[in-house]
Amino acid sequence: MSITVRPASRSEVPAVAAVLAEAFAADPVLAEIRPARPGEQREAVLGTLFAALVRAVPEHARALDVAVDGDRVLGAAFWQAPRPHRGGTVAFLRKVPELLRVLGVGGAFRALRHLRRMDRARPDTPHWYLAEIGVAAAARGQGVGGLLLDQALRRVDELSAHAYLESSTPQNRRLYRRHGFGDGAPITGFRAAAPVSMWRPAVA
């Protein structure tokens, strides 16, 4: 397997969404927002959700990287550029009609509350925000997540910028610490394990 990391094309957004849907199919926070329903194809539903969330952020305000083996997308990372940090909620509201079809009214309200909690926890200092990162099941354990982070953080460092993310699992936090992120405070208000905020200061 020969893995390359590069910017995603617009036509690859569905493949990115499919990888993220597979990676987050069992995520406890996402399950709280949009519980699985009997008989549904969970990954197809989440793929629609992630595609909408990516497209809600204008291309000039995001960075979307893919790890590929040939034409096959193995992993993806979706970053939002520095800007006023209430952007997560604004992006969500841009896609309300599409998201209502996926989440339903109750799920949309839960998602909005979730985004508001996350937004309140984010620092006011301008920063690149890692909204989502995921690796296809067949490629896990091969360093794909680390390659995606390396690519993005080189770009961040060239701009002397800060970076921020939230992580809901200890395993992922270990990866982020190896890439220079430090643990912040847990983000409360979830029934599932609280995500932890993580900050990476700009390289001087």
# chains A, B, ... in the order shown; residues from 1 in each chain; ligands from 1
>>> residues_around(residues="Arg173 in chain A", least_positions_apart="5", cutoff="10 Å", atoms="only C-alpha atoms", output="PyMOL selection string")
chain A and resi 166-168+178-179+181-183+196-198
>>> residues_around(residues="Gly106 in chain A", least_positions_apart="5", cutoff="10 Å", atoms="only C-alpha atoms", output="list of chain:residue names")
A:Ile33, A:Arg34, A:Leu100, A:Ala111, A:Leu112
>>> residues_around(residues="Leu30 in chain A", least_positions_apart="4", cutoff="12 Å", atoms="only C-alpha atoms", output="ChimeraX atom specification")
/A:20-21,23-26,34-36,42,46,49-50,103,107-108,110-111,114-115,132,168,190-195
>>> select_by_dssp(residues="range 73-179 of chain A", states="strand (DSSP E or B)", output="JSON, numbers by chain")
{"A": [73, 74, 75, 76, 77, 78, 79, 80, 127, 128, 129, 130, 131, 132, 133, 134, 135, 162, 163, 164, 165, 166, 167]}
>>> write_last_selection(atoms="C-alpha atoms", output="compact mmCIF listing (two decimals), in the first residue's frame")
# COMPACT_ATOMS: atom_id res chain seq x y z
CA VAL A 73 -9.81 7.36 -0.18
CA LEU A 74 -8.51 5.79 3.05
CA GLY A 75 -8.81 8.75 5.40
CA ALA A 76 -9.92 12.37 5.54
CA ALA A 77 -9.44 15.45 7.69
CA PHE A 78 -11.75 18.46 7.61
CA TRP A 79 -10.37 21.73 9.01
CA GLN A 80 -12.04 25.11 9.39
CA HIS A 127 -7.02 29.10 15.24
CA TRP A 128 -7.40 26.30 12.71
CA TYR A 129 -10.11 23.94 13.93
CA LEU A 130 -10.04 20.22 13.23
CA ALA A 131 -13.75 19.58 12.81
CA GLU A 132 -13.49 15.93 11.75
CA ILE A 133 -10.82 13.33 11.04
CA GLY A 134 -11.42 9.68 10.22
CA VAL A 135 -9.80 6.60 8.70
CA HIS A 162 -2.68 27.93 16.45
CA ALA A 163 -4.74 24.74 16.15
CA TYR A 164 -7.62 23.34 18.19
CA LEU A 165 -9.75 20.20 18.33
CA GLU A 166 -11.98 18.11 20.58
CA SER A 167 -11.38 14.44 21.27
>>> residues_around(residues="range 2-19 of chain A", least_positions_apart="6", cutoff="6 Å", atoms="only C-alpha atoms", output="number ranges by chain")
A: 47, 50-51, 64-69, 76, 136
>>> atom_distance(atom1="CA of Arg120 in chain A", atom2="CA of Gly189 in chain A")
11.9 Å
>>> select_by_dssp(residues="range 28-178 of chain A", states="alpha helix (DSSP H)", output="ChimeraX atom specification")
/A:28-33,42-55,87-94,96-121,144-158,170-178
>>> atom_distance(atom1="CA of Ala61 in chain A", atom2="CA of Pro82 in chain A")
7.9 Å
>>> closest_residue(among="A:Met118, A:Leu99, A:Arg83, A:Leu175", to="Leu147 in chain A", atoms="only C-alpha atoms")
A:Leu175
